[in-house]
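Colleague: The structure follows.
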2 protein chains.
Amino acid sequence: MARTREFDLDAAVNAAMDVFRRKGYEGTSMRDLAEATGLGSGSIYAAFGSKDGLYLAVLDLYRQRYAAPMVDLLRSGNDAREVIREVFVGAVDDITGDGRHLACLIVGASMERAHQDLRVAERLRSTTQSLELALHDLLAEAQLRGQVTSDRSATDLAGFLVTSLQGLRVMGAINPDRAALTRYAEVALTCLN
Amino acid sequence: MARTREFDLDAAVNAAMDVFRRKGYEGTSMRDLAEATGLGSGSIYAAFGSKDGLYLAVLDLYRQRYAAPMVDLLRSGNDAREVIREVFVGAVDDITGDGRHLACLIVGASMERAHQDLRVAERLRSTTQSLELALHDLLAEAQLRGQVTSDRSATDLAGFLVTSLQGLRVMGAINPDRAALTRYAEVALTCLN
DNA sequence: GCGATACTTTGTCGATCGTTCCAGATAGCG
DNA sequence: CGCTATCTGGAACGATCGACAAAGTATCGC
């Protein structure tokens with residue numbers, strides 16, 4: 001055995017995520033990443049192999065930090081309408097949260113990287129699918145209880161809600177008006193009636 | 001006077017648009033643009049000044065070619081639900097149309113360029129606002145006729161519809177499933193009930 | 001405390017970036 | 001037809017890109 005790694009891998013990935021969200025994949029240079037993580041470029045390559053490798057690690061962290069808790073919330077067993085509203089409010093908060101213009105990594109990756117890197121595309125599909133599935137299960141049960149319309153299948157409703165979430169991210173990037181986004185989200189929720 | 005410009009400016013901008021939609025702003029190099037337009041880099045700089053200048057021209061052409069006809073359709077005086085459905089179907093067609101993976105320039109620009117270039121941000125706001133306004137006017141009249149719910153303001157409904165359109169673009173980039181996107185769009189339209 | 005091992009740093013690689021400049025080509029005007 | 005203004009294509013610019021190798025440094029088992 002020998003010298004142990006000195007820096008916190010997770011903290012580095014986290015710092016890299018901020019940069020990627022602000023500048024996008026192509027817009028971010030290894031210099032930017034080295035500066036943000038406080039590492040030498042050599043260390044980054046030793047730890048992640050390449051810029052793509054680091055980006056994939058960032059994507060995984062994003063999924064673990066943002067998508068997974070959302071799924072957990074949806075599966076918490078609480079009232080369907082209530083938790084779905086919470087998810088939407090949380091998304092709007094995230095979009096308009098700080099002034100650092102942190103775009104959604106998922107949306108950015110979808111637009112910029114999905115067509116170029118198969119591993120990115122696969123992760124995106126997996127992430128949205130787990131979210132859709134959690135929504136589907138929640139909605140299906142709520143439909144049985146008559147709390148949600150049965151005019152549409154739970155699958156379609158779930159897909160639509162995810163679509164709306166993505167749309168809110170885009171609208172937020174164009175005009176981060178918290179009140180307006182909240183109202184748009186409320187309209188989306190009326191589709192459950 | 002002297003020699004006249006030999007190439008078709010509009011055709012060049014059009015070719016550049018394809019590249020930007022496929023590769024994004026940062027992912028596109030001047031080499032790519034020169035190759036796609038068939039021009040030398042000198043001609044591009046003479047005509048557009050810079051890469052940014054060409055990108056702005058592309059954005060304007062996109063607006064003129066795709067957003068403006070949409071607004072015209074919404075203002076054509078036909079039945080509200082009918083034309084809105086047409087807009088959504090057209091969007092889904094556009095997303096899943098060919099296999100060339102042509103992402104929506106508006107969404108791409110929103111994610112990648114809006115925070116970096118004020119002129120881009122301004123164009124994006126103007127484009128979405130004109131679309132929202134056309135929807136608003138259409139919906140307000142439909143509300144008066146009782147064809148559309150009055151539970152929500154026409155403004156909120158219009159904003160929500162644009163949000164859904166943006167969301168469809170993102171979902172299409174992740175998984176270009178035409179049937180699924182169509183069903184999501186149909187759910188969105190039920191918000192007008 | 002010593003050798004072995006793994007991590008960090010630094011400098012540099014060829015390639016490519018956006019941009020500029022120049023020589024040649026071309027069309028209008030006298 | 002010659003002059004000249006403008007456009008064209010390509011060469012070349014410095015800067016920066018992602019990636020890597022070598023050298024230095026710190027930590028472990030012994």
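Residue numbering restarts at 1 for every chain of the structure tokens, chains are lettered A, B, ... in their displayed order, and ligands are numbered from 1 as they appear.
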Show me which bits of chain D are within 7 Å of chain A, counting only C-alpha atoms (C1' of nucleotides), as a list in words.
Modeller: DA26, DT27 and DC28 of chain D
Colleague: Suppose we keep N, CA and C atoms (P, O5', C5', C4', C3', O3' and C1' of nucleotides); can you now write the selection as an mmCIF file, in the first residue's frame?
Modeller:
```cif
data_model
loop_
_atom_site.group_PDB
_atom_site.id
_atom_site.type_symbol
_atom_site.label_atom_id
_atom_site.label_comp_id
_atom_site.auth_asym_id
_atom_site.auth_seq_id
_atom_site.Cartn_x
_atom_site.Cartn_y
_atom_site.Cartn_z
ATOM 1 P P DA D 26 5.398 16.429 0.998
ATOM 2 O "O5'" DA D 26 4.386 15.384 1.630
ATOM 3 C "C5'" DA D 26 3.093 15.257 1.065
ATOM 4 C "C4'" DA D 26 2.616 13.825 1.148
ATOM 5 C "C3'" DA D 26 2.698 13.204 2.550
ATOM 6 O "O3'" DA D 26 1.460 12.589 2.846
ATOM 7 C "C1'" DA D 26 3.687 11.766 0.958
ATOM 8 P P DT D 27 1.048 12.381 4.396
ATOM 9 O "O5'" DT D 27 0.810 10.804 4.430
ATOM 10 C "C5'" DT D 27 -0.150 10.226 3.549
ATOM 11 C "C4'" DT D 27 0.161 8.758 3.325
ATOM 12 C "C3'" DT D 27 0.272 7.933 4.615
ATOM 13 O "O3'" DT D 27 -0.683 6.885 4.562
ATOM 14 C "C1'" DT D 27 2.033 7.419 3.116
ATOM 15 P P DC D 28 -1.258 6.288 5.935
ATOM 16 O "O5'" DC D 28 -0.804 4.735 5.846
ATOM 17 C "C5'" DC D 28 -1.357 3.894 4.839
ATOM 18 C "C4'" DC D 28 -0.326 2.890 4.388
ATOM 19 C "C3'" DC D 28 0.132 1.897 5.459
ATOM 20 O "O3'" DC D 28 -0.620 0.701 5.360
ATOM 21 C "C1'" DC D 28 1.955 2.657 4.069
#
```
Colleague: With only C-alpha atoms (C1' of nucleotides) as the counted atoms, please give the residues lying no more than 7 Å from Val120 of chain A, apart from itself and same-chain residues fewer than 5 positions off, as a PyMOL selection string.
Modeller: chain A and resi 56+113-114
Colleague: I'd like to know which residues of segment 1-179 of chain A are helix (DSSP H, G or I) (by DSSP, run on the backbone); could you write them as JSON, numbers by chain?
Modeller: {"A": [9, 10, 11, 12, 13, 14, 15, 16, 17, 18, 19, 20, 21, 22, 23, 30, 31, 32, 33, 34, 35, 36, 37, 41, 42, 43, 44, 45, 46, 47, 48, 51, 52, 53, 54, 55, 56, 57, 58, 59, 60, 61, 62, 63, 64, 65, 66, 67, 68, 69, 70, 71, 72, 73, 74, 80, 81, 82, 83, 84, 85, 86, 87, 88, 89, 90, 91, 92, 93, 94, 95, 96, 105, 106, 107, 108, 109, 110, 111, 112, 118, 119, 120, 121, 122, 123, 124, 125, 126, 127, 128, 129, 130, 131, 132, 133, 134, 135, 136, 137, 138, 139, 140, 141, 142, 143, 144, 154, 155, 156, 157, 158, 159, 160, 161, 162, 163, 164, 165, 166, 167, 168, 169, 170, 171, 172, 173, 174, 178, 179]}
Colleague: I'd like the neighbourhood of segment 66-83 of chain B as a PDB file with N, CA and C atoms, in the first residue's frame, where a residue qualifies if any of its atoms comes within 12 Å (using only C-alpha atoms (C1' of nucleotides)), though same-chain residues fewer than 2 positions away should be ignored.
Modeller:
```pdb
ATOM      1  N   VAL B  58     -28.685  32.657 -37.495  1.00  0.00           N
ATOM      2  CA  VAL B  58     -29.364  31.354 -37.508  1.00  0.00           C
ATOM      3  C   VAL B  58     -30.615  31.410 -36.636  1.00  0.00           C
ATOM      4  N   LEU B  59     -30.453  32.014 -35.468  1.00  0.00           N
ATOM      5  CA  LEU B  59     -31.577  32.126 -34.538  1.00  0.00           C
ATOM      6  C   LEU B  59     -32.719  32.912 -35.173  1.00  0.00           C
ATOM      7  N   ASP B  60     -32.367  33.971 -35.869  1.00  0.00           N
ATOM      8  CA  ASP B  60     -33.401  34.785 -36.519  1.00  0.00           C
ATOM      9  C   ASP B  60     -34.103  34.005 -37.621  1.00  0.00           C
ATOM     10  N   LEU B  61     -33.309  33.245 -38.376  1.00  0.00           N
ATOM     11  CA  LEU B  61     -33.922  32.450 -39.436  1.00  0.00           C
ATOM     12  C   LEU B  61     -34.839  31.387 -38.848  1.00  0.00           C
ATOM     13  N   TYR B  62     -34.386  30.788 -37.756  1.00  0.00           N
ATOM     14  CA  TYR B  62     -35.216  29.762 -37.094  1.00  0.00           C
ATOM     15  C   TYR B  62     -36.544  30.357 -36.660  1.00  0.00           C
ATOM     16  N   ARG B  63     -36.458  31.530 -36.089  1.00  0.00           N
ATOM     17  CA  ARG B  63     -37.665  32.198 -35.641  1.00  0.00           C
ATOM     18  C   ARG B  63     -38.598  32.485 -36.806  1.00  0.00           C
ATOM     19  N   GLN B  64     -38.016  32.961 -37.881  1.00  0.00           N
ATOM     20  CA  GLN B  64     -38.812  33.322 -39.055  1.00  0.00           C
ATOM     21  C   GLN B  64     -39.411  32.091 -39.717  1.00  0.00           C
ATOM     22  N   ARG B  85     -54.081  21.955 -31.330  1.00  0.00           N
ATOM     23  CA  ARG B  85     -53.719  20.557 -31.586  1.00  0.00           C
ATOM     24  C   ARG B  85     -52.759  20.459 -32.770  1.00  0.00           C
ATOM     25  N   GLU B  86     -53.052  21.236 -33.800  1.00  0.00           N
ATOM     26  CA  GLU B  86     -52.166  21.224 -34.977  1.00  0.00           C
ATOM     27  C   GLU B  86     -50.750  21.642 -34.607  1.00  0.00           C
ATOM     28  N   VAL B  87     -50.650  22.654 -33.768  1.00  0.00           N
ATOM     29  CA  VAL B  87     -49.329  23.119 -33.348  1.00  0.00           C
ATOM     30  C   VAL B  87     -48.586  22.012 -32.616  1.00  0.00           C
ATOM     31  N   PHE B  88     -49.291  21.319 -31.743  1.00  0.00           N
ATOM     32  CA  PHE B  88     -48.634  20.255 -30.978  1.00  0.00           C
ATOM     33  C   PHE B  88     -48.253  19.086 -31.884  1.00  0.00           C
ATOM     34  N   VAL B  89     -49.151  18.718 -32.775  1.00  0.00           N
ATOM     35  CA  VAL B  89     -48.836  17.623 -33.696  1.00  0.00           C
ATOM     36  C   VAL B  89     -47.640  18.003 -34.571  1.00  0.00           C
ATOM     37  N   GLY B  90     -47.649  19.248 -35.019  1.00  0.00           N
ATOM     38  CA  GLY B  90     -46.538  19.710 -35.832  1.00  0.00           C
ATOM     39  C   GLY B  90     -45.223  19.658 -35.083  1.00  0.00           C
ATOM     40  N   ALA B  91     -45.273  20.010 -33.801  1.00  0.00           N
ATOM     41  CA  ALA B  91     -44.060  19.972 -32.987  1.00  0.00           C
ATOM     42  C   ALA B  91     -43.550  18.545 -32.853  1.00  0.00           C
ATOM     43  N   ASP B  94     -41.978  17.495 -35.986  1.00  0.00           N
ATOM     44  CA  ASP B  94     -40.669  18.133 -36.135  1.00  0.00           C
ATOM     45  C   ASP B  94     -39.617  17.400 -35.308  1.00  0.00           C
ATOM     46  N   CYS B 104     -34.091  21.029 -31.112  1.00  0.00           N
ATOM     47  CA  CYS B 104     -34.721  22.336 -31.237  1.00  0.00           C
ATOM     48  C   CYS B 104     -33.701  23.412 -30.914  1.00  0.00           C
ATOM     49  N   LEU B 105     -33.559  24.333 -31.844  1.00  0.00           N
ATOM     50  CA  LEU B 105     -32.571  25.391 -31.648  1.00  0.00           C
ATOM     51  C   LEU B 105     -32.934  26.256 -30.445  1.00  0.00           C
ATOM     52  N   ILE B 106     -34.225  26.479 -30.251  1.00  0.00           N
ATOM     53  CA  ILE B 106     -34.661  27.319 -29.141  1.00  0.00           C
ATOM     54  C   ILE B 106     -34.271  26.698 -27.806  1.00  0.00           C
ATOM     55  N   ARG B 123     -33.575  37.405 -27.799  1.00  0.00           N
ATOM     56  CA  ARG B 123     -34.311  36.785 -28.907  1.00  0.00           C
ATOM     57  C   ARG B 123     -35.196  35.643 -28.415  1.00  0.00           C
ATOM     58  N   LEU B 124     -34.673  34.875 -27.486  1.00  0.00           N
ATOM     59  CA  LEU B 124     -35.457  33.755 -26.973  1.00  0.00           C
ATOM     60  C   LEU B 124     -36.712  34.256 -26.266  1.00  0.00           C
ATOM     61  N   SER B 126     -38.218  37.082 -26.682  1.00  0.00           N
ATOM     62  CA  SER B 126     -39.132  37.654 -27.671  1.00  0.00           C
ATOM     63  C   SER B 126     -39.890  36.574 -28.426  1.00  0.00           C
ATOM     64  N   THR B 127     -39.195  35.512 -28.793  1.00  0.00           N
ATOM     65  CA  THR B 127     -39.838  34.435 -29.544  1.00  0.00           C
ATOM     66  C   THR B 127     -40.911  33.748 -28.717  1.00  0.00           C
ATOM     67  N   THR B 128     -40.568  33.358 -27.498  1.00  0.00           N
ATOM     68  CA  THR B 128     -41.559  32.666 -26.671  1.00  0.00           C
ATOM     69  C   THR B 128     -42.707  33.592 -26.311  1.00  0.00           C
ATOM     70  N   GLN B 129     -42.408  34.880 -26.139  1.00  0.00           N
ATOM     71  CA  GLN B 129     -43.473  35.806 -25.780  1.00  0.00           C
ATOM     72  C   GLN B 129     -44.477  35.985 -26.912  1.00  0.00           C
ATOM     73  N   SER B 130     -43.978  36.041 -28.132  1.00  0.00           N
ATOM     74  CA  SER B 130     -44.918  36.199 -29.243  1.00  0.00           C
ATOM     75  C   SER B 130     -45.788  34.959 -29.378  1.00  0.00           C
ATOM     76  N   LEU B 131     -45.188  33.810 -29.092  1.00  0.00           N
ATOM     77  CA  LEU B 131     -45.961  32.568 -29.121  1.00  0.00           C
ATOM     78  C   LEU B 131     -46.990  32.548 -27.993  1.00  0.00           C
ATOM     79  N   GLU B 132     -46.568  32.953 -26.805  1.00  0.00           N
ATOM     80  CA  GLU B 132     -47.477  33.000 -25.664  1.00  0.00           C
ATOM     81  C   GLU B 132     -48.611  33.981 -25.909  1.00  0.00           C
ATOM     82  N   LEU B 133     -48.245  35.096 -26.512  1.00  0.00           N
ATOM     83  CA  LEU B 133     -49.262  36.123 -26.756  1.00  0.00           C
ATOM     84  C   LEU B 133     -50.312  35.631 -27.747  1.00  0.00           C
ATOM     85  N   ALA B 134     -49.857  34.981 -28.805  1.00  0.00           N
ATOM     86  CA  ALA B 134     -50.798  34.450 -29.791  1.00  0.00           C
ATOM     87  C   ALA B 134     -51.721  33.423 -29.146  1.00  0.00           C
ATOM     88  N   LEU B 135     -51.141  32.583 -28.302  1.00  0.00           N
ATOM     89  CA  LEU B 135     -51.953  31.587 -27.595  1.00  0.00           C
ATOM     90  C   LEU B 135     -52.939  32.271 -26.646  1.00  0.00           C
ATOM     91  N   HIS B 136     -52.434  33.285 -25.963  1.00  0.00           N
ATOM     92  CA  HIS B 136     -53.288  34.009 -25.018  1.00  0.00           C
ATOM     93  C   HIS B 136     -54.518  34.585 -25.710  1.00  0.00           C
ATOM     94  N   ASP B 137     -54.295  35.274 -26.811  1.00  0.00           N
ATOM     95  CA  ASP B 137     -55.408  35.901 -27.524  1.00  0.00           C
ATOM     96  C   ASP B 137     -56.408  34.854 -27.995  1.00  0.00           C
ATOM     97  N   LEU B 138     -55.865  33.782 -28.524  1.00  0.00           N
ATOM     98  CA  LEU B 138     -56.726  32.702 -28.998  1.00  0.00           C
ATOM     99  C   LEU B 138     -57.546  32.106 -27.858  1.00  0.00           C
ATOM    100  N   LEU B 139     -56.883  31.867 -26.732  1.00  0.00           N
ATOM    101  CA  LEU B 139     -57.547  31.231 -25.593  1.00  0.00           C
ATOM    102  C   LEU B 139     -58.568  32.167 -24.951  1.00  0.00           C
ATOM    103  N   ALA B 140     -58.220  33.445 -24.874  1.00  0.00           N
ATOM    104  CA  ALA B 140     -59.129  34.404 -24.243  1.00  0.00           C
ATOM    105  C   ALA B 140     -60.457  34.441 -24.994  1.00  0.00           C
ATOM    106  N   GLU B 141     -60.363  34.423 -26.302  1.00  0.00           N
ATOM    107  CA  GLU B 141     -61.588  34.433 -27.089  1.00  0.00           C
ATOM    108  C   GLU B 141     -62.361  33.128 -26.919  1.00  0.00           C
ATOM    109  N   ALA B 142     -61.625  32.027 -26.901  1.00  0.00           N
ATOM    110  CA  ALA B 142     -62.268  30.722 -26.720  1.00  0.00           C
ATOM    111  C   ALA B 142     -62.940  30.634 -25.350  1.00  0.00           C
ATOM    112  N   GLN B 143     -62.323  31.264 -24.370  1.00  0.00           N
ATOM    113  CA  GLN B 143     -62.936  31.277 -23.037  1.00  0.00           C
ATOM    114  C   GLN B 143     -64.263  32.022 -23.054  1.00  0.00           C
ATOM    115  N   LEU B 144     -64.286  33.139 -23.780  1.00  0.00           N
ATOM    116  CA  LEU B 144     -65.533  33.905 -23.883  1.00  0.00           C
ATOM    117  C   LEU B 144     -66.637  33.063 -24.509  1.00  0.00           C
ATOM    118  N   ARG B 145     -66.255  32.226 -25.445  1.00  0.00           N
ATOM    119  CA  ARG B 145     -67.248  31.369 -26.104  1.00  0.00           C
ATOM    120  C   ARG B 145     -67.547  30.112 -25.302  1.00  0.00           C
ATOM    121  N   GLY B 146     -66.837  29.940 -24.193  1.00  0.00           N
ATOM    122  CA  GLY B 146     -67.087  28.758 -23.375  1.00  0.00           C
ATOM    123  C   GLY B 146     -66.483  27.482 -23.945  1.00  0.00           C
ATOM    124  N   GLN B 147     -65.560  27.653 -24.893  1.00  0.00           N
ATOM    125  CA  GLN B 147     -64.953  26.456 -25.490  1.00  0.00           C
ATOM    126  C   GLN B 147     -63.757  25.957 -24.687  1.00  0.00           C
ATOM    127  N   VAL B 148     -63.300  26.797 -23.783  1.00  0.00           N
ATOM    128  CA  VAL B 148     -62.107  26.474 -22.995  1.00  0.00           C
ATOM    129  C   VAL B 148     -62.375  26.871 -21.543  1.00  0.00           C
ATOM    130  N   THR B 149     -61.838  26.113 -20.615  1.00  0.00           N
ATOM    131  CA  THR B 149     -62.069  26.380 -19.206  1.00  0.00           C
ATOM    132  C   THR B 149     -61.677  27.809 -18.824  1.00  0.00           C
ATOM    133  N   ALA B 158     -51.712  29.759 -21.596  1.00  0.00           N
ATOM    134  CA  ALA B 158     -50.777  29.946 -22.716  1.00  0.00           C
ATOM    135  C   ALA B 158     -49.361  29.586 -22.280  1.00  0.00           C
ATOM    136  N   LEU B 161     -48.926  25.887 -21.994  1.00  0.00           N
ATOM    137  CA  LEU B 161     -48.832  25.191 -23.281  1.00  0.00           C
ATOM    138  C   LEU B 161     -47.434  25.323 -23.881  1.00  0.00           C
ATOM    139  N   VAL B 162     -46.871  26.525 -23.789  1.00  0.00           N
ATOM    140  CA  VAL B 162     -45.510  26.704 -24.293  1.00  0.00           C
ATOM    141  C   VAL B 162     -44.538  25.842 -23.494  1.00  0.00           C
ATOM    142  N   GLU B 186     -51.510  15.050 -25.900  1.00  0.00           N
ATOM    143  CA  GLU B 186     -52.963  14.975 -25.708  1.00  0.00           C
ATOM    144  C   GLU B 186     -53.347  15.230 -24.257  1.00  0.00           C
ATOM    145  N   ALA B 188     -51.708  17.092 -22.234  1.00  0.00           N
ATOM    146  CA  ALA B 188     -51.541  18.530 -22.025  1.00  0.00           C
ATOM    147  C   ALA B 188     -52.782  19.286 -22.486  1.00  0.00           C
ATOM    148  N   LEU B 189     -53.356  18.838 -23.593  1.00  0.00           N
ATOM    149  CA  LEU B 189     -54.524  19.544 -24.138  1.00  0.00           C
ATOM    150  C   LEU B 189     -55.749  19.392 -23.240  1.00  0.00           C
ATOM    151  N   THR B 190     -55.774  18.352 -22.419  1.00  0.00           N
ATOM    152  CA  THR B 190     -56.928  18.183 -21.527  1.00  0.00           C
ATOM    153  C   THR B 190     -56.977  19.272 -20.460  1.00  0.00           C
ATOM    154  N   CYS B 191     -55.896  20.004 -20.292  1.00  0.00           N
ATOM    155  CA  CYS B 191     -55.891  21.110 -19.337  1.00  0.00           C
ATOM    156  C   CYS B 191     -56.811  22.236 -19.795  1.00  0.00           C
ATOM    157  N   LEU B 192     -57.199  22.207 -21.043  1.00  0.00           N
ATOM    158  CA  LEU B 192     -58.082  23.257 -21.550  1.00  0.00           C
ATOM    159  C   LEU B 192     -59.539  22.968 -21.190  1.00  0.00           C
ATOM    160  N   ASN B 193     -59.802  21.744 -20.707  1.00  0.00           N
ATOM    161  CA  ASN B 193     -61.189  21.373 -20.377  1.00  0.00           C
ATOM    162  C   ASN B 193     -61.672  22.053 -19.089  1.00  0.00           C
TER     163      ASN B 193
END
```
Colleague: Kindly indicate which residue among B:Val13, B:Ala103, B:Ile84, B:Ala46 lies nearest to Arg65 of chain B, using only C-alpha atoms for the distances.
Modeller: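 Closest to Arg65 of chain B of all the choices is B:Val13.
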Colleague: Counting only C-alpha atoms (C1' of nucleotides), a student should be able to say which residues of chain C come within 10 Å of chain B; what is the right answer, written as a compact mmCIF listing (two decimals) with C-alpha atoms (C1' of nucleotides), in the first residue's frame?
Modeller:
```
# COMPACT_ATOMS: atom_id res chain seq x y z
C1' DT C 16 -7.76 22.34 -33.08
C1' DC C 17 -9.98 26.56 -31.64
C1' DG C 18 -11.85 31.39 -33.48
C1' DT C 19 -9.96 34.88 -36.02
C1' DT C 20 -7.31 37.58 -39.35
C1' DC C 21 -4.88 38.61 -43.41
C1' DA C 25 -10.47 36.11 -58.98
C1' DT C 26 -14.47 38.54 -60.62
C1' DA C 27 -17.77 41.95 -61.92
C1' DG C 28 -19.29 46.90 -62.59
C1' DC C 29 -17.90 51.49 -64.47
```
Colleague: Residues of chain A within 8 Å of chain B, using only C-alpha atoms, as a ChimeraX atom specification?
Modeller: /A:23-24,26-27,101,103,107-108,110-112,114-115,121,124-125,152,156-157,159-160,163-168,170-171,173-175,180,183-185,187-188,190-191
Colleague: So what do you get for atom CA of Asp98 of chain A versus atom CA of Ala11 of chain A, distance-wise?
Modeller: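 The value is 19.7 Å.
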Colleague: Any idea what the distance is between atom CA of Ala16 of chain A and atom CA of Ala34 of chain A?
Modeller: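 These atoms are spaced 8.6 Å apart.
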Colleague: So which residues touch DA15 of chain C within 12 Å, counting only C-alpha atoms (C1' of nucleotides), skipping near sequence neighbours fewer than 5 positions away, as a PyMOL selection string?
Modeller: chain D and resi 16-19
